[in-house]
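With mmCIF, C-alpha atoms inside, this is work_33.cif:
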```cif
data_final
loop_
_atom_site.label_atom_id
_atom_site.label_comp_id
_atom_site.auth_asym_id
_atom_site.auth_seq_id
_atom_site.Cartn_x
_atom_site.Cartn_y
_atom_site.Cartn_z
CA MET U 1 124.93 83.33 91.10
CA ILE U 2 127.29 80.84 92.71
CA GLU U 3 128.70 78.43 90.12
CA ASN U 4 129.62 74.89 91.16
CA HIS U 5 129.26 71.23 90.22
CA VAL U 6 126.21 70.45 92.37
CA MET U 7 123.14 69.23 90.45
CA ASN U 8 120.52 71.88 89.80
CA THR U 9 117.72 70.37 91.88
CA TYR U 10 117.10 73.24 94.31
CA SER U 11 116.12 76.88 93.93
CA ARG U 12 118.64 78.22 96.41
CA TYR U 13 119.23 81.67 97.78
CA ASP U 14 122.61 83.13 96.86
CA LEU U 15 123.95 82.59 100.37
CA VAL U 16 126.79 80.46 101.72
CA PHE U 17 126.66 79.80 105.45
CA ALA U 18 129.76 78.95 107.45
CA GLU U 19 128.80 78.55 111.11
CA GLY U 20 126.03 78.98 113.62
CA HIS U 21 125.01 78.82 117.26
CA GLY U 22 121.50 78.30 118.58
CA PRO U 23 119.04 80.06 116.23
CA TRP U 24 121.80 82.24 114.75
CA ILE U 25 123.74 81.47 111.58
CA THR U 26 126.60 83.37 109.94
CA ASP U 27 127.50 83.48 106.26
CA VAL U 28 130.97 83.48 104.75
CA ASN U 29 130.94 87.31 104.69
CA GLY U 30 130.40 87.48 108.44
CA ASP U 31 126.74 88.55 108.27
CA GLU U 32 124.55 86.98 110.96
CA TYR U 33 120.97 85.82 110.40
CA LEU U 34 118.22 84.63 112.72
CA ASP U 35 117.29 81.17 111.48
CA PHE U 36 113.62 80.22 111.87
CA VAL U 37 113.91 77.48 109.23
CA SER U 38 116.12 75.22 111.37
CA GLY U 39 117.18 73.11 108.39
CA ILE U 40 113.44 72.61 107.68
CA ALA U 41 112.52 71.46 111.20
CA VAL U 42 115.73 69.45 111.61
CA ASN U 43 117.94 71.47 113.98
CA CYS U 44 115.64 71.09 116.95
CA LEU U 45 118.32 72.18 119.44
CA GLY U 46 119.73 74.92 117.21
CA HIS U 47 123.02 75.15 115.36
CA ALA U 48 126.16 73.63 116.91
CA ALA U 49 124.06 72.30 119.79
CA PRO U 50 126.52 71.21 122.48
CA GLN U 51 124.50 68.04 123.16
CA ILE U 52 124.82 66.95 119.52
CA ALA U 53 128.44 68.06 119.20
CA GLU U 54 129.34 66.07 122.32
CA ALA U 55 127.46 62.99 121.11
CA VAL U 56 129.24 63.11 117.74
CA ALA U 57 132.66 63.71 119.29
CA GLU U 58 132.39 60.99 121.92
CA GLN U 59 130.75 58.33 119.76
CA SER U 60 132.99 58.95 116.75
CA LYS U 61 135.99 58.10 118.91
CA LYS U 62 134.45 54.71 119.72
CA LEU U 63 132.40 53.38 116.82
CA ILE U 64 130.73 55.04 113.84
CA HIS U 65 129.37 52.21 111.69
CA ILE U 66 129.08 48.44 112.02
CA SER U 67 126.13 47.54 109.71
CA ASN U 68 122.98 45.79 110.86
CA LEU U 69 124.66 42.40 110.88
CA TYR U 70 125.39 43.20 114.54
CA TRP U 71 123.88 45.06 117.50
CA SER U 72 125.10 48.28 119.09
CA PRO U 73 124.18 49.56 122.57
CA GLN U 74 123.20 52.91 121.04
CA GLN U 75 120.62 51.40 118.68
CA ILE U 76 119.09 49.31 121.43
CA GLU U 77 118.90 52.29 123.79
CA LEU U 78 117.36 54.66 121.24
CA ALA U 79 114.74 52.08 120.25
CA ASP U 80 113.89 51.55 123.93
CA ARG U 81 113.58 55.29 124.56
CA LEU U 82 111.33 55.80 121.53
CA CYS U 83 109.03 52.92 122.41
CA GLN U 84 108.78 53.81 126.08
CA ALA U 85 107.87 57.41 125.27
CA SER U 86 105.42 56.58 122.48
CA GLY U 87 103.72 53.29 123.29
CA PHE U 88 104.91 51.54 120.13
CA ASP U 89 106.51 48.10 120.24
CA ARG U 90 109.13 48.03 117.47
CA VAL U 91 111.44 50.43 115.62
CA PHE U 92 113.16 50.22 112.24
CA PHE U 93 116.00 52.71 111.74
CA CYS U 94 116.90 54.31 108.42
CA ASN U 95 118.34 57.66 107.30
CA SER U 96 115.53 60.03 106.26
CA GLY U 97 111.83 60.75 106.20
CA THR U 98 111.45 59.44 102.68
CA GLU U 99 113.07 56.16 103.67
CA SER U 100 110.83 55.96 106.72
CA ASN U 101 107.73 56.30 104.55
CA GLU U 102 109.03 53.77 102.03
CA THR U 103 109.45 51.32 104.90
CA ALA U 104 105.93 52.01 106.17
CA LEU U 105 104.47 51.29 102.72
CA LYS U 106 106.32 47.97 102.55
CA ILE U 107 105.07 47.06 106.03
CA ALA U 108 101.54 47.83 104.88
CA ARG U 109 101.76 45.74 101.71
CA LYS U 110 103.25 42.79 103.59
CA TYR U 111 100.58 43.08 106.29
CA GLY U 112 97.78 43.28 103.74
CA LYS U 113 98.85 40.18 101.85
CA ALA U 114 99.37 38.23 105.07
CA LYS U 115 95.92 39.17 106.37
CA GLY U 116 93.84 39.36 103.22
CA GLY U 117 95.70 37.64 100.40
CA ALA U 118 97.23 38.94 97.19
CA GLU U 119 94.42 41.42 96.52
CA LYS U 120 94.71 43.38 99.79
CA THR U 121 97.18 45.94 98.45
CA LYS U 122 95.28 49.25 98.16
CA ILE U 123 96.74 52.30 99.90
CA ILE U 124 94.78 55.48 100.54
CA CYS U 125 96.60 58.80 100.82
CA MET U 126 95.42 62.40 101.12
CA HIS U 127 95.16 65.28 98.65
CA ASP U 128 97.85 67.91 99.30
CA SER U 129 99.98 65.49 101.30
CA PHE U 130 103.76 65.23 101.04
CA HIS U 131 105.65 62.05 101.94
CA GLY U 132 108.97 62.30 100.10
CA ARG U 133 110.73 62.23 96.74
CA SER U 134 111.36 58.54 96.02
CA LEU U 135 108.99 56.76 93.62
CA GLY U 136 107.14 55.01 96.43
CA ALA U 137 106.83 58.12 98.58
CA LEU U 138 105.80 60.17 95.54
CA SER U 139 103.06 57.66 94.81
CA VAL U 140 101.34 58.55 98.09
CA THR U 141 102.11 62.27 97.84
CA GLY U 142 98.83 63.89 96.89
CA GLN U 143 100.27 66.77 94.85
CA GLU U 144 100.44 66.28 91.11
CA LYS U 145 103.18 68.88 90.67
CA TYR U 146 105.57 66.44 92.36
CA ARG U 147 104.23 63.29 90.68
CA GLU U 148 103.68 64.29 87.07
CA ALA U 149 107.22 64.07 85.66
CA PHE U 150 107.89 60.67 87.23
CA ARG U 151 104.86 58.61 86.29
CA PRO U 152 104.22 55.71 86.17
CA LEU U 153 104.39 55.37 89.94
CA ILE U 154 103.45 52.39 92.10
CA GLY U 155 99.89 51.20 91.56
CA GLU U 156 96.88 50.66 93.79
CA VAL U 157 97.18 54.09 95.43
CA TYR U 158 94.06 56.24 95.77
CA ASP U 159 93.68 59.84 96.94
CA ALA U 160 91.07 61.03 99.43
CA VAL U 161 90.37 64.51 100.77
CA PHE U 162 92.11 65.51 104.00
CA ASN U 163 89.65 66.26 106.82
CA ASP U 164 86.74 64.85 104.75
CA ILE U 165 85.81 61.48 106.22
CA ALA U 166 83.18 60.79 103.56
CA SER U 167 85.86 60.84 100.86
CA VAL U 168 87.96 58.34 102.82
CA GLU U 169 84.99 56.10 103.48
CA ALA U 170 84.18 56.08 99.77
CA ARG U 171 87.64 54.64 99.08
CA MET U 172 87.61 52.01 101.82
CA ASP U 173 86.96 48.34 101.19
CA ASP U 174 88.43 44.99 102.18
CA ARG U 175 91.28 45.42 99.67
CA VAL U 176 92.74 48.41 101.52
CA CYS U 177 95.91 47.55 103.43
CA ALA U 178 96.70 51.05 104.75
CA VAL U 179 95.74 54.70 105.04
CA ILE U 180 98.67 57.12 105.23
CA LEU U 181 98.36 60.75 106.31
CA GLU U 182 100.09 63.58 108.16
CA PRO U 183 98.41 64.68 111.42
CA VAL U 184 99.59 68.15 110.40
CA GLN U 185 100.12 68.58 106.66
CA GLY U 186 103.43 70.40 106.38
CA GLU U 187 104.48 71.12 102.81
CA SER U 188 100.94 72.03 101.78
CA GLY U 189 100.70 74.85 104.32
CA ILE U 190 100.72 73.68 107.98
CA VAL U 191 97.17 72.33 108.03
CA PRO U 192 96.25 70.39 111.20
CA ALA U 193 93.88 67.45 111.01
CA ASP U 194 90.50 67.66 112.72
CA ALA U 195 90.39 65.41 115.76
CA GLU U 196 87.10 63.83 114.69
CA PHE U 197 88.54 63.10 111.26
CA LEU U 198 91.50 61.19 112.71
CA LYS U 199 89.23 59.24 115.05
CA ALA U 200 86.92 58.32 112.18
CA VAL U 201 89.83 57.19 109.99
CA ARG U 202 91.07 55.08 112.90
CA ALA U 203 87.64 53.43 113.12
CA LEU U 204 87.57 52.73 109.36
CA CYS U 205 90.99 51.09 109.53
CA GLU U 206 89.76 48.85 112.33
CA LYS U 207 86.63 47.96 110.36
CA TYR U 208 88.55 46.96 107.22
CA ASP U 209 91.66 45.56 108.97
CA ALA U 210 93.93 48.19 107.39
CA LEU U 211 96.95 49.81 108.98
CA LEU U 212 96.79 53.47 109.94
CA ILE U 213 100.10 55.17 109.12
CA PHE U 214 100.91 58.64 110.45
CA ASP U 215 103.71 60.53 108.75
CA GLU U 216 105.27 62.62 111.52
CA VAL U 217 108.52 63.38 109.75
CA GLN U 218 107.93 67.13 110.17
CA CYS U 219 105.36 67.40 112.96
CA GLY U 220 106.94 64.74 115.18
CA MET U 221 109.86 64.75 117.62
CA GLY U 222 108.54 67.56 119.79
CA ARG U 223 107.63 70.07 117.11
CA SER U 224 103.93 70.01 118.11
CA GLY U 225 104.57 70.31 121.84
CA ARG U 226 104.23 66.55 122.36
CA LEU U 227 106.75 63.94 121.28
CA PHE U 228 104.36 63.06 118.45
CA ALA U 229 101.48 65.18 117.22
CA HIS U 230 99.04 62.26 117.31
CA GLN U 231 99.43 62.21 121.10
CA LYS U 232 97.62 65.56 121.15
CA TYR U 233 94.69 64.00 119.33
CA GLY U 234 94.50 60.83 121.40
CA VAL U 235 94.57 58.70 118.24
CA MET U 236 97.15 55.91 118.09
CA PRO U 237 98.29 54.79 114.63
CA ASP U 238 99.65 51.36 113.83
CA VAL U 239 102.77 52.86 112.24
CA CYS U 240 104.41 56.24 112.75
CA THR U 241 107.26 57.57 110.63
CA THR U 242 109.75 60.16 111.81
CA ALA U 243 113.11 61.68 110.91
CA LYS U 244 114.18 65.36 110.63
CA ALA U 245 114.59 66.42 114.30
CA LEU U 246 115.34 62.90 115.57
CA GLY U 247 119.09 63.38 115.10
CA GLY U 248 119.22 67.09 115.93
CA GLY U 249 120.92 67.70 112.58
CA PHE U 250 122.51 64.30 112.04
CA PRO U 251 120.69 62.15 109.44
CA ILE U 252 118.48 59.46 110.95
CA GLY U 253 114.96 58.22 110.34
CA ALA U 254 112.78 55.77 112.23
CA VAL U 255 109.60 53.78 111.73
CA LEU U 256 107.71 53.03 114.92
CA ALA U 257 105.15 50.25 114.77
CA SER U 258 102.89 48.08 116.87
CA ASP U 259 103.50 44.36 117.12
CA LYS U 260 100.36 43.93 115.02
CA ALA U 261 101.81 45.97 112.15
CA SER U 262 105.35 44.63 112.29
CA GLU U 263 104.53 40.96 112.90
CA PHE U 264 104.95 39.96 109.27
CA PHE U 265 108.12 41.99 108.59
CA VAL U 266 110.92 39.43 108.77
CA PRO U 267 114.63 39.14 107.86
CA GLY U 268 115.11 39.75 104.16
CA ASP U 269 112.02 41.97 103.76
CA HIS U 270 113.85 45.25 104.21
CA GLY U 271 117.17 46.76 105.19
CA SER U 272 119.37 49.82 105.41
CA THR U 273 123.16 49.82 105.25
CA PHE U 274 123.59 52.97 107.32
CA GLY U 275 120.31 52.88 109.23
CA GLY U 276 120.64 52.96 113.00
CA ASN U 277 124.43 53.20 113.04
CA PRO U 278 126.00 53.96 116.44
CA LEU U 279 126.80 57.59 115.61
CA ALA U 280 123.30 58.45 114.37
CA CYS U 281 121.70 56.71 117.34
CA ALA U 282 123.97 58.53 119.79
CA CYS U 283 122.62 61.79 118.37
CA GLY U 284 119.07 60.48 118.66
CA ILE U 285 119.64 59.59 122.31
CA ALA U 286 120.90 63.11 122.98
CA VAL U 287 117.73 64.56 121.41
CA MET U 288 115.45 62.21 123.34
CA LYS U 289 117.10 63.16 126.62
CA GLU U 290 116.42 66.84 125.94
CA LEU U 291 112.83 66.28 124.83
CA VAL U 292 111.70 63.82 127.47
CA GLU U 293 113.99 64.04 130.48
CA LYS U 294 114.50 67.82 130.51
CA ASP U 295 110.89 68.75 129.62
CA LEU U 296 111.76 70.61 126.45
CA LEU U 297 108.24 69.67 125.32
CA GLY U 298 106.74 71.95 127.96
CA HIS U 299 108.91 74.79 126.69
CA VAL U 300 107.69 74.14 123.14
CA GLU U 301 104.07 74.40 124.27
CA GLU U 302 104.77 77.69 126.04
CA MET U 303 106.81 79.27 123.25
CA GLY U 304 104.45 77.97 120.57
CA ALA U 305 101.46 79.62 122.24
CA TYR U 306 103.44 82.84 122.58
CA LEU U 307 104.60 82.88 118.95
CA SER U 308 101.17 82.02 117.62
CA GLY U 309 99.55 84.72 119.72
CA ARG U 310 101.99 87.39 118.59
CA LEU U 311 101.60 86.41 114.93
CA LYS U 312 97.81 86.64 115.28
CA GLU U 313 98.28 90.18 116.60
CA LEU U 314 100.24 90.98 113.44
CA ALA U 315 97.43 89.45 111.36
CA GLU U 316 95.00 91.90 112.93
CA LYS U 317 97.34 94.78 112.17
CA TYR U 318 98.32 93.90 108.58
CA ASP U 319 95.70 92.73 106.09
CA VAL U 320 98.38 91.03 103.97
CA ILE U 321 98.25 88.21 106.58
CA GLU U 322 95.11 86.10 106.21
CA GLU U 323 95.51 83.36 108.81
CA VAL U 324 97.84 81.90 111.43
CA ARG U 325 97.58 78.16 112.12
CA GLY U 326 99.54 75.19 113.43
CA MET U 327 100.57 73.78 116.79
CA GLY U 328 103.60 74.08 119.02
CA LEU U 329 106.51 75.55 117.10
CA LEU U 330 105.13 74.37 113.75
CA ILE U 331 103.31 77.51 112.63
CA GLY U 332 102.09 78.63 109.24
CA VAL U 333 101.26 82.22 108.33
CA GLN U 334 99.03 82.33 105.28
CA MET U 335 99.64 85.42 103.20
CA LYS U 336 97.40 87.08 100.64
CA GLU U 337 97.61 85.68 97.13
CA GLY U 338 101.04 86.21 95.62
CA LYS U 339 102.66 87.56 98.80
CA LYS U 340 104.37 84.48 100.23
CA GLY U 341 107.58 84.82 98.24
CA ALA U 342 107.73 88.56 98.77
CA ALA U 343 107.32 88.14 102.54
CA ILE U 344 110.16 85.61 102.69
CA ASP U 345 112.39 87.82 100.53
CA GLU U 346 111.67 90.88 102.67
CA ALA U 347 112.39 88.86 105.81
CA LEU U 348 115.71 87.84 104.29
CA LYS U 349 116.57 91.54 103.90
CA GLN U 350 115.94 91.80 107.65
CA ARG U 351 118.28 88.81 108.08
CA LEU U 352 115.50 86.50 109.18
CA LEU U 353 115.32 83.08 107.52
CA LEU U 354 111.82 81.69 106.89
CA ALA U 355 110.55 78.84 104.72
CA GLY U 356 107.61 78.72 102.36
CA ALA U 357 104.96 76.05 101.97
CA GLY U 358 101.90 75.56 99.78
CA ASN U 359 98.76 77.66 99.97
CA GLU U 360 100.72 80.96 100.19
CA THR U 361 102.07 79.94 103.59
CA VAL U 362 105.19 81.16 105.36
CA ARG U 363 106.52 78.60 107.83
CA PHE U 364 107.97 79.45 111.24
CA LEU U 365 110.20 76.58 112.42
CA PRO U 366 112.52 77.95 115.10
CA PRO U 367 114.62 75.59 117.23
CA LEU U 368 112.57 73.94 119.95
CA ASN U 369 114.73 75.56 122.65
CA VAL U 370 114.28 79.07 121.26
CA SER U 371 113.93 81.77 123.92
CA ARG U 372 111.17 84.36 124.23
CA GLU U 373 113.74 87.07 123.53
CA GLU U 374 114.81 85.35 120.32
CA LEU U 375 111.18 85.00 119.25
CA ASP U 376 110.66 88.70 119.94
CA GLU U 377 113.62 89.55 117.73
CA GLY U 378 112.27 87.34 114.96
CA LEU U 379 108.82 88.88 115.27
CA LYS U 380 110.29 92.35 115.06
CA ARG U 381 112.10 91.45 111.85
CA PHE U 382 109.03 89.74 110.39
CA GLU U 383 106.85 92.76 111.12
CA ALA U 384 109.36 94.97 109.34
CA ALA U 385 109.18 92.60 106.36
CA VAL U 386 105.38 92.60 106.34
CA ALA U 387 105.23 96.37 106.70
CA ALA U 388 107.46 96.69 103.63
CA LEU U 389 104.83 94.85 101.59
#
```
As structure tokens, the full file:
Amino acid sequence: MIENHVMNTYSRYDLVFAEGHGPWITDVNGDEYLDFVSGIAVNCLGHAAPQIAEAVAEQSKKLIHISNLYWSPQQIELADRLCQASGFDRVFFCNSGTESNETALKIARKYGKAKGGAEKTKIICMHDSFHGRSLGALSVTGQEKYREAFRPLIGEVYDAVFNDIASVEARMDDRVCAVILEPVQGESGIVPADAEFLKAVRALCEKYDALLIFDEVQCGMGRSGRLFAHQKYGVMPDVCTTAKALGGGFPIGAVLASDKASEFFVPGDHGSTFGGNPLACACGIAVMKELVEKDLLGHVEEMGAYLSGRLKELAEKYDVIEEVRGMGLLIGVQMKEGKKGAAIDEALKQRLLLAGAGNETVRFLPPLNVSREELDEGLKRFEAAVAAL
């Protein structure tokens, strides 16, 4: 076990990585691994991506941080690119997915009080959801294992059942200011929403004048094969949160909102010292150019279909695999009870990095620009791991 002064908040593997390129990463002993975790869906262009390295190098020579007392060309450009590609009207920049969701909750509470008075403060979230680790984000995270030790959390939050519209409808009334959900639940096991469910939730929000918030921190920024997963469903939320892949490895988060949702958010309501600094936004611009201008999204669709198909072939061959689900390059492989950890550990022996999620799920999150040959190599190593079980 590696001894150091870092707080004991993670169950880490006894590995120290030193450098990487594309989907490959090398530890301090010189051993190379194939990384299909990608920093948990962060390194969308792989390790040491030249586009990100160039953005950091060039922008850091000019301007790194100025605070939000002033404008920067990079922040203006990234906001424009995000809105033009998504159909939203406004962007708030922060540093992480948790911060993005905190911002969305504040937008919702401000909207509710402006539209319905002091009592319009209820927020509905989903069972098995995950929205972050801060007290606000934990309050709308529908997994008690994360909440329990930190109660009391913020009030007026009510759980409903994901993909069960009757349970949402039972919670809805004129006091609801927002419904927050993930179009693809990530931490609970890569569970996509049903299209009809999202459409029905959209209709309920319209009926009760509540904001619909989509958390696309993990499934957004190209991971699904579209810039945002909700674009695949044809359901437009009022607010969409994102982070992870937006900076290609550099920390940045963003909240995208309609004019309707953001109308009542005014100076003094919220802020972020580092949010939207020139360096972070330069990285975001580099990512957006790859995703939108160079049709990386089309590549994600193609490689996602290929990876999913090959994993389903393995599911037919090995009964330890129960199901393969997801979209784009956000794929979950559900293992038989008690086999998730063993599958990840065996893959590590094959020098393939994979991440776990709830519901006995192994997550495949390769870089969005992964090649077919690299997927084949990963599949070969995963099959060897599964066969060892």
If you apply the PyMOL selection byres ((chain U and resi 176) around 8) to this file, what residues do you get, as a list in words?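 Those residues are Gly112, Lys120, Thr121, Lys122, Ile123, Ile124, Met172, Asp173, Asp174, Arg175, Cys177, Ala178, Val179, Tyr208 and Ala210 of chain U.
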Export of prior selection with C-alpha atoms as a compact mmCIF listing (two decimals), in the frame of the given file:
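Result file is part-v2.txt:
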```
# COMPACT_ATOMS: atom_id res chain seq x y z
CA GLY U 112 97.78 43.28 103.74
CA LYS U 120 94.71 43.38 99.79
CA THR U 121 97.18 45.94 98.45
CA LYS U 122 95.28 49.25 98.16
CA ILE U 123 96.74 52.30 99.90
CA ILE U 124 94.78 55.48 100.54
CA MET U 172 87.61 52.01 101.82
CA ASP U 173 86.96 48.34 101.19
CA ASP U 174 88.43 44.99 102.18
CA ARG U 175 91.28 45.42 99.67
CA CYS U 177 95.91 47.55 103.43
CA ALA U 178 96.70 51.05 104.75
CA VAL U 179 95.74 54.70 105.04
CA TYR U 208 88.55 46.96 107.22
CA ALA U 210 93.93 48.19 107.39
```
Nearest candidate to Val266 in chain U (options U:Lys61, U:Arg81, U:Arg372, U:Lys110; using all atoms listed in the file): U:Lys110
Would you write out, as an MDAnalysis selection string, every residue that the PyMOL selection byres ((chain U and resi 358) around 12) captures in this file? chainID U and resid 128:130 143 145 185:191 332:335 337:338 340:341 355:357 359:363
Keeping C-alpha atoms, export the residues of the selection given above as a compact mmCIF listing (two decimals), in the frame of the given file.
```
# COMPACT_ATOMS: atom_id res chain seq x y z
CA ASP U 128 97.85 67.91 99.30
CA SER U 129 99.98 65.49 101.30
CA PHE U 130 103.76 65.23 101.04
CA GLN U 143 100.27 66.77 94.85
CA LYS U 145 103.18 68.88 90.67
CA GLN U 185 100.12 68.58 106.66
CA GLY U 186 103.43 70.40 106.38
CA GLU U 187 104.48 71.12 102.81
CA SER U 188 100.94 72.03 101.78
CA GLY U 189 100.70 74.85 104.32
CA ILE U 190 100.72 73.68 107.98
CA VAL U 191 97.17 72.33 108.03
CA GLY U 332 102.09 78.63 109.24
CA VAL U 333 101.26 82.22 108.33
CA GLN U 334 99.03 82.33 105.28
CA MET U 335 99.64 85.42 103.20
CA GLU U 337 97.61 85.68 97.13
CA GLY U 338 101.04 86.21 95.62
CA LYS U 340 104.37 84.48 100.23
CA GLY U 341 107.58 84.82 98.24
CA ALA U 355 110.55 78.84 104.72
CA GLY U 356 107.61 78.72 102.36
CA ALA U 357 104.96 76.05 101.97
CA ASN U 359 98.76 77.66 99.97
CA GLU U 360 100.72 80.96 100.19
CA THR U 361 102.07 79.94 103.59
CA VAL U 362 105.19 81.16 105.36
CA ARG U 363 106.52 78.60 107.83
```
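Distance check against Ser308 in chain U using only C-alpha atoms: of U:Glu206, U:Glu3, U:Glu323, U:Glu346, the minimum falls on U:Glu323.
CA of Pro367 in chain U to CA of Pro23 in chain U spans 6.4 Å [interatomic distance, one decimal].
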